[in-house]
>>> print(open('query01.csv').read())   # CSV, C-alpha atoms and all ligand atoms
chain,number,residue,atom,x,y,z
A,1,MET,CA,23.8,-10.3,19.7
A,2,GLN,CA,22.9,-9.8,16.0
A,3,ARG,CA,20.3,-7.2,15.4
A,4,ILE,CA,17.1,-8.2,13.6
A,5,PRO,CA,15.8,-5.3,11.6
A,6,LEU,CA,12.1,-4.7,11.0
A,7,LEU,CA,12.5,-4.8,7.2
A,8,ILE,CA,15.2,-5.2,4.6
A,9,PRO,CA,14.1,-4.1,1.1
A,10,ASP,CA,14.2,-6.9,-1.5
A,11,MET,CA,15.4,-5.0,-4.6
A,12,PRO,CA,16.9,-6.1,-8.0
A,13,GLN,CA,20.7,-6.3,-7.9
A,14,THR,CA,23.1,-4.4,-10.3
A,15,ASP,CA,23.5,-7.3,-12.6
A,16,GLU,CA,19.8,-7.5,-13.2
A,17,LEU,CA,19.7,-3.8,-14.2
A,18,ILE,CA,22.8,-3.5,-16.5
A,19,GLY,CA,21.0,-4.6,-19.7
A,20,LEU,CA,18.1,-2.2,-19.0
A,21,LEU,CA,20.5,0.7,-18.2
A,22,ARG,CA,22.3,0.1,-21.5
A,23,GLU,CA,18.9,0.3,-23.3
A,24,ILE,CA,18.5,3.8,-21.7
A,25,ASP,CA,22.0,4.7,-23.0
A,26,GLN,CA,20.9,3.7,-26.5
A,27,HIS,CA,17.5,5.4,-26.5
A,28,ARG,CA,18.8,8.6,-24.8
A,29,TRP,CA,15.3,9.1,-23.6
A,30,TYR,CA,15.2,9.6,-19.8
A,31,THR,CA,11.7,10.4,-18.7
A,32,ASN,CA,8.3,11.6,-20.1
A,33,PHE,CA,6.6,8.3,-21.0
A,34,GLY,CA,9.7,6.7,-22.5
A,35,PRO,CA,10.0,3.2,-24.0
A,36,LEU,CA,10.9,1.5,-20.7
A,37,ALA,CA,8.0,3.2,-18.8
A,38,LYS,CA,5.7,2.1,-21.6
A,39,ARG,CA,6.9,-1.5,-21.5
A,40,PHE,CA,6.6,-1.5,-17.7
A,41,GLU,CA,3.0,-0.3,-18.0
A,42,ALA,CA,2.2,-3.0,-20.6
A,43,GLN,CA,3.7,-5.7,-18.4
A,44,LEU,CA,1.8,-4.4,-15.3
A,45,ALA,CA,-1.4,-4.4,-17.4
A,46,GLU,CA,-1.0,-8.1,-18.2
A,47,GLY,CA,-1.8,-8.7,-14.5
A,48,PHE,CA,-5.2,-7.0,-14.8
A,49,ALA,CA,-7.8,-8.0,-17.4
A,50,ASP,CA,-9.5,-5.2,-19.3
A,51,ALA,CA,-8.0,-2.4,-17.3
A,52,ALA,CA,-5.9,0.7,-18.1
A,53,VAL,CA,-2.6,1.4,-16.3
A,54,VAL,CA,-0.6,4.5,-15.7
A,55,SER,CA,2.8,4.4,-14.1
A,56,LEU,CA,3.5,7.1,-11.5
A,57,ALA,CA,6.2,8.4,-9.2
A,58,ASN,CA,4.6,7.0,-6.1
A,59,CYS,CA,1.3,5.9,-4.6
A,60,THR,CA,0.6,9.1,-2.7
A,61,LEU,CA,0.6,11.1,-5.9
A,62,ALA,CA,-1.5,8.3,-7.5
A,63,LEU,CA,-4.2,8.8,-4.8
A,64,GLU,CA,-3.9,12.6,-5.1
A,65,LEU,CA,-4.3,12.6,-8.9
A,66,LEU,CA,-7.1,10.0,-8.9
A,67,LEU,CA,-9.0,12.4,-6.6
A,68,ALA,CA,-8.1,15.4,-8.8
A,69,ALA,CA,-9.2,13.6,-12.0
A,70,ARG,CA,-12.7,13.0,-10.6
A,71,GLY,CA,-13.4,16.7,-10.7
A,72,LEU,CA,-15.0,16.8,-7.2
A,73,PRO,CA,-15.9,20.2,-5.9
A,74,PRO,CA,-13.3,21.7,-3.4
A,75,ALA,CA,-13.7,20.5,0.2
A,76,SER,CA,-15.6,17.4,-0.8
A,77,THR,CA,-16.0,14.7,1.9
A,78,ILE,CA,-13.8,11.6,1.4
A,79,LEU,CA,-14.6,8.6,3.5
A,80,VAL,CA,-11.5,6.6,4.7
A,81,PRO,CA,-10.8,4.0,7.3
A,82,ALA,CA,-9.2,5.4,10.4
A,83,LEU,CA,-6.7,2.5,10.3
A,84,THR,CA,-4.3,3.4,7.6
A,85,PHE,CA,-0.9,4.9,6.8
A,86,VAL,CA,-0.8,8.7,6.9
A,87,ALA,CA,-0.4,9.0,3.1
A,88,THR,CA,-4.1,8.2,2.6
A,89,GLY,CA,-4.8,11.4,4.6
A,90,THR,CA,-2.1,13.6,3.1
A,91,ALA,CA,-3.3,12.8,-0.4
A,92,ILE,CA,-6.9,13.8,0.5
A,93,ARG,CA,-5.7,17.0,2.2
A,94,ARG,CA,-3.4,18.0,-0.7
A,95,ALA,CA,-6.3,17.4,-3.2
A,96,GLY,CA,-8.2,20.0,-1.2
A,97,HIS,CA,-10.8,17.7,0.5
A,98,ARG,CA,-12.1,16.8,3.9
A,99,LEU,CA,-11.5,13.5,5.7
A,100,LEU,CA,-14.3,11.5,7.2
A,101,VAL,CA,-13.0,8.4,9.0
A,102,ALA,CA,-14.8,5.2,9.6
A,103,ASP,CA,-14.2,1.9,11.3
A,104,VAL,CA,-12.8,-1.3,9.8
A,105,ASP,CA,-13.9,-4.9,9.8
A,106,PRO,CA,-12.4,-6.6,12.9
A,107,HIS,CA,-11.1,-9.6,10.9
A,108,SER,CA,-9.7,-8.2,7.7
A,109,TRP,CA,-8.9,-4.8,9.2
A,110,THR,CA,-10.2,-3.1,6.1
A,111,LEU,CA,-13.1,-0.7,5.4
A,112,THR,CA,-15.9,-2.7,3.8
A,113,PRO,CA,-18.8,-1.6,1.5
A,114,GLU,CA,-21.2,-2.4,4.4
A,115,ILE,CA,-19.4,0.1,6.7
A,116,ALA,CA,-19.3,2.7,3.8
A,117,ARG,CA,-23.1,2.2,3.1
A,118,ALA,CA,-23.9,2.9,6.8
A,119,ALA,CA,-21.7,6.0,6.8
A,120,ALA,CA,-23.3,7.3,3.5
A,121,ALA,CA,-26.8,6.7,4.8
A,122,ALA,CA,-26.0,8.9,7.8
A,123,GLN,CA,-24.2,11.8,6.1
A,124,ARG,CA,-22.8,13.1,2.9
A,125,VAL,CA,-20.0,11.1,1.3
A,126,ASP,CA,-18.6,12.3,-2.0
A,127,CYS,CA,-15.9,9.7,-2.5
A,128,VAL,CA,-14.5,6.6,-0.7
A,129,ILE,CA,-10.9,5.6,-0.4
A,130,ALA,CA,-10.8,2.0,0.8
A,131,VAL,CA,-7.4,0.7,2.0
A,132,THR,CA,-5.8,-2.8,1.7
A,133,ALA,CA,-4.6,-2.7,5.3
A,134,LEU,CA,-1.1,-4.2,5.5
A,135,GLY,CA,-1.6,-5.7,2.0
A,136,CYS,CA,-4.9,-7.6,2.7
A,137,PRO,CA,-6.9,-7.2,-0.6
A,138,VAL,CA,-10.4,-5.8,-0.7
A,139,ASP,CA,-13.2,-7.2,-2.8
A,140,ALA,CA,-13.0,-5.2,-6.1
A,141,ALA,CA,-16.4,-6.6,-7.4
A,142,GLN,CA,-18.2,-5.6,-4.2
A,143,TRP,CA,-16.7,-2.1,-4.4
A,144,ASP,CA,-17.7,-1.9,-8.1
A,145,ALA,CA,-21.3,-2.8,-7.0
A,146,PHE,CA,-21.2,-0.2,-4.2
A,147,SER,CA,-20.1,2.5,-6.6
A,148,ALA,CA,-22.7,1.5,-9.2
A,149,GLN,CA,-25.5,1.5,-6.6
A,150,THR,CA,-24.6,4.7,-4.7
A,151,GLY,CA,-23.0,6.7,-7.5
A,152,ILE,CA,-20.1,7.4,-5.2
A,153,PRO,CA,-16.7,7.1,-6.8
A,154,VAL,CA,-14.4,4.6,-5.1
A,155,ILE,CA,-10.6,4.5,-5.0
A,156,VAL,CA,-8.6,1.7,-3.4
A,157,ASP,CA,-5.3,2.6,-1.7
A,158,ALA,CA,-3.6,-0.7,-2.4
A,159,ALA,CA,-0.2,0.7,-1.6
A,160,GLY,CA,1.0,-2.5,0.0
A,161,ALA,CA,-1.0,-5.0,-2.0
A,162,PHE,CA,0.8,-5.5,-5.3
A,163,GLY,CA,0.3,-9.1,-6.3
A,164,ASN,CA,-2.8,-9.5,-4.0
A,165,GLN,CA,-5.3,-6.8,-5.2
A,166,GLY,CA,-7.3,-7.1,-8.4
A,167,ALA,CA,-8.7,-4.2,-10.4
A,168,GLY,CA,-12.3,-3.2,-10.9
A,169,GLN,CA,-14.4,-1.8,-13.7
A,170,ARG,CA,-15.7,1.4,-12.1
A,171,ILE,CA,-13.2,1.7,-9.2
A,172,ALA,CA,-9.6,2.8,-9.5
A,173,VAL,CA,-6.8,1.1,-7.6
A,174,ALA,CA,-3.5,2.7,-6.6
A,175,PHE,CA,-0.3,0.7,-5.9
A,176,SER,CA,3.0,1.6,-4.3
A,177,LEU,CA,6.3,0.1,-5.4
A,178,HIS,CA,8.3,1.8,-2.7
A,179,ALA,CA,11.3,-0.1,-1.5
A,180,THR,CA,9.5,-1.4,1.6
A,181,LYS,CA,6.5,-2.8,-0.2
A,182,THR,CA,6.1,-6.3,-1.6
A,183,MET,CA,7.6,-5.5,-5.0
A,184,GLY,CA,10.0,-2.6,-4.5
A,185,MET,CA,11.6,-0.4,-7.0
A,186,GLY,CA,12.9,2.4,-4.8
A,187,GLU,CA,10.1,4.9,-5.4
A,188,GLY,CA,7.3,4.2,-7.8
A,189,GLY,CA,3.6,3.4,-8.1
A,190,PHE,CA,0.8,3.0,-10.6
A,191,ALA,CA,-2.9,3.4,-10.9
A,192,VAL,CA,-5.3,0.9,-12.7
A,193,SER,CA,-8.9,1.0,-13.6
A,194,GLY,CA,-11.4,-0.4,-16.0
A,195,ASP,CA,-12.4,3.2,-16.5
A,196,ALA,CA,-9.8,4.1,-19.1
A,197,GLY,CA,-10.8,7.7,-19.2
A,198,TRP,CA,-10.1,8.2,-15.5
A,199,ILE,CA,-6.6,6.7,-16.0
A,200,GLU,CA,-5.9,8.9,-19.0
A,201,ARG,CA,-6.9,12.0,-17.0
A,202,VAL,CA,-4.5,10.9,-14.3
A,203,ARG,CA,-1.8,10.5,-17.0
A,204,CYS,CA,-2.4,14.1,-18.2
A,205,LEU,CA,-2.3,15.5,-14.6
A,206,SER,CA,0.9,13.6,-13.9
A,207,ASN,CA,2.5,15.7,-16.7
A,208,PHE,CA,1.5,19.1,-15.2
A,209,GLY,CA,-2.0,18.8,-16.7
A,210,ILE,CA,-0.7,19.4,-20.3
A,211,ASP,CA,-3.5,18.3,-22.6
A,212,PRO,CA,-2.0,15.8,-25.1
A,213,VAL,CA,-4.2,17.2,-28.0
A,214,ASP,CA,-4.1,21.0,-27.7
A,215,PHE,CA,-1.0,21.3,-25.3
A,216,LYS,CA,-2.9,23.6,-23.0
A,217,VAL,CA,-3.4,23.1,-19.3
A,218,HIS,CA,-7.1,23.0,-18.5
A,219,GLN,CA,-6.7,21.7,-15.0
A,220,ALA,CA,-3.4,22.2,-13.1
A,221,GLY,CA,-1.7,19.0,-12.4
A,222,THR,CA,1.7,18.2,-11.0
A,223,ASN,CA,4.8,16.3,-12.0
A,224,ALA,CA,4.3,12.6,-11.1
A,225,LYS,CA,6.0,10.9,-14.0
A,226,LEU,CA,8.1,7.8,-13.7
A,227,SER,CA,11.7,8.2,-15.0
A,228,GLU,CA,13.2,5.7,-17.4
A,229,TYR,CA,15.7,4.8,-14.6
A,230,HIS,CA,12.9,3.9,-12.2
A,231,ALA,CA,11.1,2.0,-15.0
A,232,ALA,CA,14.3,-0.1,-15.5
A,233,VAL,CA,14.3,-1.1,-11.8
A,234,GLY,CA,10.6,-1.8,-12.1
A,235,LEU,CA,11.1,-4.1,-15.1
A,236,ALA,CA,13.8,-6.0,-13.3
A,237,ALA,CA,11.6,-6.2,-10.2
A,238,LEU,CA,8.8,-7.6,-12.3
A,239,ALA,CA,11.0,-10.3,-13.8
A,240,ARG,CA,11.9,-11.7,-10.3
A,241,TRP,CA,8.6,-11.1,-8.7
A,242,PRO,CA,7.0,-14.6,-9.1
A,243,GLU,CA,9.9,-16.2,-7.3
A,244,ARG,CA,10.1,-13.6,-4.6
A,245,ALA,CA,6.4,-13.8,-4.0
A,246,THR,CA,6.6,-17.6,-3.5
A,247,LEU,CA,9.4,-17.1,-1.0
A,248,ARG,CA,7.5,-14.4,0.9
A,249,ARG,CA,4.4,-16.6,1.1
A,250,ALA,CA,6.4,-19.6,2.5
A,251,ARG,CA,8.3,-17.5,5.0
A,252,ALA,CA,5.1,-15.9,6.3
A,253,ASN,CA,3.4,-19.3,6.8
A,254,ALA,CA,6.4,-20.7,8.7
A,255,TYR,CA,6.6,-17.5,10.8
A,256,ARG,CA,3.0,-17.7,11.8
A,257,GLN,CA,3.3,-21.4,12.9
A,258,ARG,CA,6.4,-20.6,15.0
A,259,LEU,CA,4.7,-17.6,16.7
A,260,GLN,CA,1.5,-19.5,17.4
A,261,ALA,CA,3.5,-22.4,18.9
A,262,ALA,CA,5.7,-20.1,21.1
A,263,CYS,CA,3.2,-17.4,22.3
A,264,ALA,CA,-0.3,-18.2,23.6
A,265,GLY,CA,-3.1,-15.6,23.0
A,266,LEU,CA,-1.8,-13.9,19.8
A,267,ALA,CA,-4.3,-13.0,17.1
A,268,PHE,CA,-3.7,-12.4,13.4
A,269,GLN,CA,-5.3,-10.4,10.6
A,270,GLN,CA,-7.5,-12.7,8.4
A,271,ARG,CA,-5.8,-12.3,5.1
A,272,PRO,CA,-5.8,-14.7,2.1
A,273,PRO,CA,-3.0,-17.2,2.7
A,274,GLU,CA,-2.1,-17.2,-1.0
A,275,GLY,CA,-1.1,-13.5,-0.8
A,276,ALA,CA,2.4,-12.1,-0.6
A,277,TYR,CA,2.9,-9.6,2.2
A,278,ALA,CA,5.5,-7.0,3.0
A,279,ALA,CA,4.7,-6.7,6.7
A,280,PHE,CA,3.9,-9.2,9.5
A,281,CYS,CA,1.8,-8.0,12.4
A,282,VAL,CA,0.3,-9.7,15.5
A,283,LEU,CA,-2.4,-8.6,17.9
A,284,LEU,CA,-1.0,-9.0,21.4
A,285,PRO,CA,-3.1,-10.7,24.0
A,286,PRO,CA,-5.5,-8.2,25.7
A,287,GLY,CA,-3.7,-6.1,28.3
A,288,ALA,CA,-0.3,-6.4,26.8
A,289,ASP,CA,1.0,-2.9,25.8
A,290,PRO,CA,2.6,-2.9,22.3
A,291,ALA,CA,4.9,0.0,23.4
A,292,ARG,CA,6.3,-2.0,26.4
A,293,VAL,CA,6.6,-5.2,24.4
A,294,GLY,CA,8.3,-3.4,21.6
A,295,SER,CA,10.8,-1.9,24.1
A,296,HIS,CA,11.5,-5.4,25.5
A,297,LEU,CA,12.2,-6.7,22.0
A,298,ALA,CA,14.4,-3.6,21.2
A,299,ALA,CA,16.5,-4.4,24.3
A,300,GLU,CA,17.1,-7.8,22.7
A,301,SER,CA,18.1,-6.1,19.4
A,302,ILE,CA,14.8,-6.9,17.6
A,303,GLU,CA,13.2,-4.0,15.8
A,304,THR,CA,9.4,-3.7,15.8
A,305,ARG,CA,6.9,-1.0,14.6
A,306,ARG,CA,3.4,-0.1,15.6
A,307,TRP,CA,2.1,0.1,12.0
A,308,TYR,CA,-0.7,2.6,11.3
A,309,TRP,CA,-0.4,4.0,14.8
A,310,PRO,CA,-2.0,6.3,15.8
A,311,PRO,CA,-5.2,6.0,13.8
A,312,LEU,CA,-5.5,8.7,11.1
A,313,HIS,CA,-7.8,11.1,13.0
A,314,LEU,CA,-5.4,11.2,16.0
A,315,HIS,CA,-2.6,12.8,14.1
A,316,PRO,CA,-2.6,16.6,14.8
A,317,ALA,CA,-2.9,17.4,11.1
A,318,PHE,CA,-6.1,15.4,10.8
A,319,ALA,CA,-7.7,16.3,14.1
A,320,ASP,CA,-10.5,18.1,12.2
A,321,ALA,CA,-11.6,14.9,10.4
A,322,GLY,CA,-15.2,13.9,10.8
A,323,VAL,CA,-16.0,10.5,12.4
A,324,ALA,CA,-18.7,8.3,10.9
A,325,GLY,CA,-20.1,5.9,13.5
A,326,THR,CA,-18.0,4.2,16.1
A,327,LEU,CA,-14.3,3.3,15.7
A,328,ASP,CA,-14.4,0.3,18.1
A,329,ALA,CA,-12.5,-2.2,15.9
A,330,THR,CA,-9.9,0.4,14.8
A,331,LEU,CA,-9.2,1.3,18.4
A,332,ALA,CA,-9.1,-2.3,19.6
A,333,ILE,CA,-6.7,-3.3,16.8
A,334,SER,CA,-4.4,-0.4,17.0
A,335,SER,CA,-4.1,-0.7,20.8
A,336,ARG,CA,-2.8,-4.3,20.4
A,337,LEU,CA,-1.0,-4.3,17.0
A,338,LEU,CA,2.7,-4.9,16.8
A,339,GLY,CA,4.6,-5.3,13.5
A,340,LEU,CA,7.4,-7.9,13.8
A,341,PRO,CA,10.5,-8.1,11.7
A,342,PHE,CA,9.7,-9.7,8.3
A,343,HIS,CA,11.9,-9.9,5.3
A,344,LEU,CA,13.6,-12.5,3.1
A,345,ASP,CA,16.8,-12.3,5.1
A,346,LEU,CA,14.9,-13.5,8.2
A,347,ASP,CA,15.7,-17.3,8.3
A,348,LEU,CA,14.0,-20.0,10.5
A,349,PRO,CA,16.4,-19.5,13.4
A,350,GLY,CA,15.8,-15.8,13.3
A,351,MET,CA,12.0,-16.4,13.4
A,352,ASP,CA,12.5,-18.7,16.4
A,353,ARG,CA,14.5,-16.0,18.2
A,354,VAL,CA,11.7,-13.4,17.5
A,355,ALA,CA,9.0,-15.9,18.7
A,356,GLN,CA,10.9,-16.8,21.9
A,357,THR,CA,11.8,-13.3,22.8
A,358,LEU,CA,8.2,-12.2,22.2
A,359,ALA,CA,7.0,-15.0,24.5
A,360,ARG,CA,9.4,-13.8,27.2
A,361,ALA,CA,8.3,-10.2,26.8
A,362,LEU,CA,4.6,-11.3,27.1
A,363,GLY,CA,5.4,-13.3,30.2
A,364,ALA,CA,7.1,-10.3,31.7
A,365,ALA,CA,4.2,-7.9,30.8
B,401,LIG,C1,3.1,2.9,1.7
B,401,LIG,C2,1.7,3.4,1.7
B,401,LIG,C3,1.4,4.6,1.0
B,401,LIG,C4,2.4,5.5,0.3
B,401,LIG,O1,3.0,4.9,-0.8
B,401,LIG,P1,4.2,5.7,-1.5
B,401,LIG,O2,4.4,4.9,-2.8
B,401,LIG,O3,5.3,5.6,-0.6
B,401,LIG,O4,3.7,7.1,-1.8
B,401,LIG,C5,0.0,4.9,0.9
B,401,LIG,N1,-0.9,4.2,1.6
B,401,LIG,C6,-0.6,3.1,2.3
B,401,LIG,C7,-1.7,2.4,3.0
B,401,LIG,C8,0.7,2.7,2.4
B,401,LIG,O5,1.0,1.6,3.1
>>> encode(input="query01.csv", output="structure tokens")
Amino acid sequence: MQRIPLLIPDMPQTDELIGLLREIDQHRWYTNFGPLAKRFEAQLAEGFADAAVVSLANCTLALELLLAARGLPPASTILVPALTFVATGTAIRRAGHRLLVADVDPHSWTLTPEIARAAAAAQRVDCVIAVTALGCPVDAAQWDAFSAQTGIPVIVDAAGAFGNQGAGQRIAVAFSLHATKTMGMGEGGFAVSGDAGWIERVRCLSNFGIDPVDFKVHQAGTNAKLSEYHAAVGLAALARWPERATLRRARANAYRQRLQAACAGLAFQQRPPEGAYAAFCVLLPPGADPARVGSHLAAESIETRRWYWPPLHLHPAFADAGVAGTLDATLAISSRLLGLPFHLDLDLPGMDRVAQTLARALGAA
């Protein structure tokens, strides 16, 4: 039986890169804000009105440097949703701050300004990192308003939401272009904000913190620059993105219909149908154990993953995180969430096989 992998990255092919690689040969400029990285940033910026963009090595460093560039005192309290990928937590820890986890909205699976307001009313919150759970965008205008009203800086970890998430005026948004996200370029990321000063401080910190005017380091940064080779892949990925996004959207809609028809009692994240997504998750009917259902599918050569499991504060490294309010929605979602295979190589017969195997696994459970 042919194996159905969880994901297959959708990356530019060699022929799409050759011309760009020849440009690098001509320029003989390989990193440090080179011409391809600059062109990549300019093309990314076209997707966001009135916002500054800095390209970076990955999204985890984007989050770490956005935090560092805010100049928060050491051990500040950063509010995050408990339902997220571990990188949101590692970035906070490496920036020297404390985690405070909060619940998510049961429909979108994201931290909302309402939840953050309740947390900030009950205890000190120095900064918020909202997360576009599994690529579902958050409302940038609402988060801008939250930040303006409370004075609390807001960062959006939009790692998986390239193409879906807009920028804000006060808030900053970090994207990942890792091979497994919607638009992959191997490793890569960028940060965008209407606050151009914030983005320029991140750029400086991504180059060790070397001040572009006096060449001194006033605040120690790191090396988070995007090489020209990565920028070449990024430019090729951008050129094919509109077509790939359309395909992803159509595949996701067909998949959902097939799963709903084959399996009673599944629930789905409420996410904008016009979005393009890298992952496809279902909530199993109450009582069905994702680990057992996943093993059943694995025995039929179908790979699954419990994305964002366990919730952030249940990883040993983050056991000291504070908890704001109850985590009812987070725990309900993560105890039922199963990520199914989803990629552009998954054709309609493949989708039918996943749906029918899942139906049998649920019947057996
Ligand atoms: C993938 C992911 C990251 C990490 O992105 P990298 O570019 O791989 O560093 C961070 N946060 C979330 C929510 C993610 O899904």
>>> residues_around(input="query01.csv", residues="range 153-157 of chain A", least_positions_apart="5", cutoff="8 Å", atoms="all atoms listed in the file", output="JSON, numbers by chain")
{"A": [59, 63, 66, 88, 126, 127, 128, 129, 130, 131, 132, 143, 144, 147, 170, 171, 172, 173, 174, 175]}
>>> closest_atom_pairs(input="query01.csv", of="chain A", to="ligand LIG 401 (chain B)", cutoff="8 Å", atoms="only C-alpha atoms and all ligand atoms", output="Markdown table")
| residue | atom | partner | partner_atom | distance |
| --- | --- | --- | --- | --- |
| A:Ala57 | CA | B:LIG401 | O2 | 7.5 |
| A:Asn58 | CA | B:LIG401 | O2 | 3.9 |
| A:Cys59 | CA | B:LIG401 | O2 | 3.7 |
| A:Thr60 | CA | B:LIG401 | O4 | 3.8 |
| A:Leu61 | CA | B:LIG401 | O4 | 6.5 |
| A:Ala62 | CA | B:LIG401 | O4 | 7.8 |
| A:Thr84 | CA | B:LIG401 | C7 | 5.4 |
| A:Phe85 | CA | B:LIG401 | C7 | 4.6 |
| A:Val86 | CA | B:LIG401 | N1 | 7.0 |
| A:Ala87 | CA | B:LIG401 | C5 | 4.7 |
| A:Thr88 | CA | B:LIG401 | N1 | 5.2 |
| A:Val131 | CA | B:LIG401 | C7 | 6.0 |
| A:Thr132 | CA | B:LIG401 | C7 | 6.7 |
| A:Ala133 | CA | B:LIG401 | C7 | 6.3 |
| A:Leu134 | CA | B:LIG401 | O5 | 6.6 |
| A:Gly135 | CA | B:LIG401 | O5 | 7.8 |
| A:Asp157 | CA | B:LIG401 | N1 | 5.7 |
| A:Ala158 | CA | B:LIG401 | C7 | 6.5 |
| A:Ala159 | CA | B:LIG401 | C8 | 4.6 |
| A:Gly160 | CA | B:LIG401 | O5 | 5.1 |
| A:Phe175 | CA | B:LIG401 | O2 | 7.0 |
| A:Ser176 | CA | B:LIG401 | O2 | 3.9 |
| A:Leu177 | CA | B:LIG401 | O2 | 5.8 |
| A:His178 | CA | B:LIG401 | O2 | 5.0 |
| A:Thr180 | CA | B:LIG401 | C1 | 7.7 |
| A:Lys181 | CA | B:LIG401 | C1 | 6.9 |
| A:Glu187 | CA | B:LIG401 | O2 | 6.3 |
| A:Gly188 | CA | B:LIG401 | O2 | 5.8 |
| A:Gly189 | CA | B:LIG401 | O2 | 5.6 |
>>> atom_distance(input="query01.csv", atom1="CA of Ala279 in chain A", atom2="CA of Arg248 in chain A")
10.0 Å
>>> atom_distance(input="query01.csv", atom1="CA of Asp15 in chain A", atom2="CA of Val233 in chain A")
11.1 Å
>>> residues_near_point(input="query01.csv", point="(-12.6, -1.2, 6.8)", cutoff="8 Å", atoms="only C-alpha atoms", output="PyMOL selection string")
chain A and resi 81+83+102-105+108-112+115+130-131
>>> closest_residue(input="query01.csv", among="A:Val80, A:Phe33, A:Glu114, A:Gln169", to="Ala49 in chain A", atoms="all atoms listed in the file")
A:Gln169
>>> residues_near_point(input="query01.csv", point="(4.3, -6.0, -20.0)", cutoff="12 Å", atoms="only C-alpha atoms", output="NGL selection string")
:A and (35-48 or 53 or 231 or 234-236 or 238-239)
>>> closest_residue(input="query01.csv", among="A:Asn32, A:Ser295, A:Gln165, A:Ser335", to="Val282 in chain A", atoms="all atoms listed in the file")
A:Ser335
>>> atom_distance(input="query01.csv", atom1="CA of Ile4 in chain A", atom2="CA of His230 in chain A")
28.8 Å
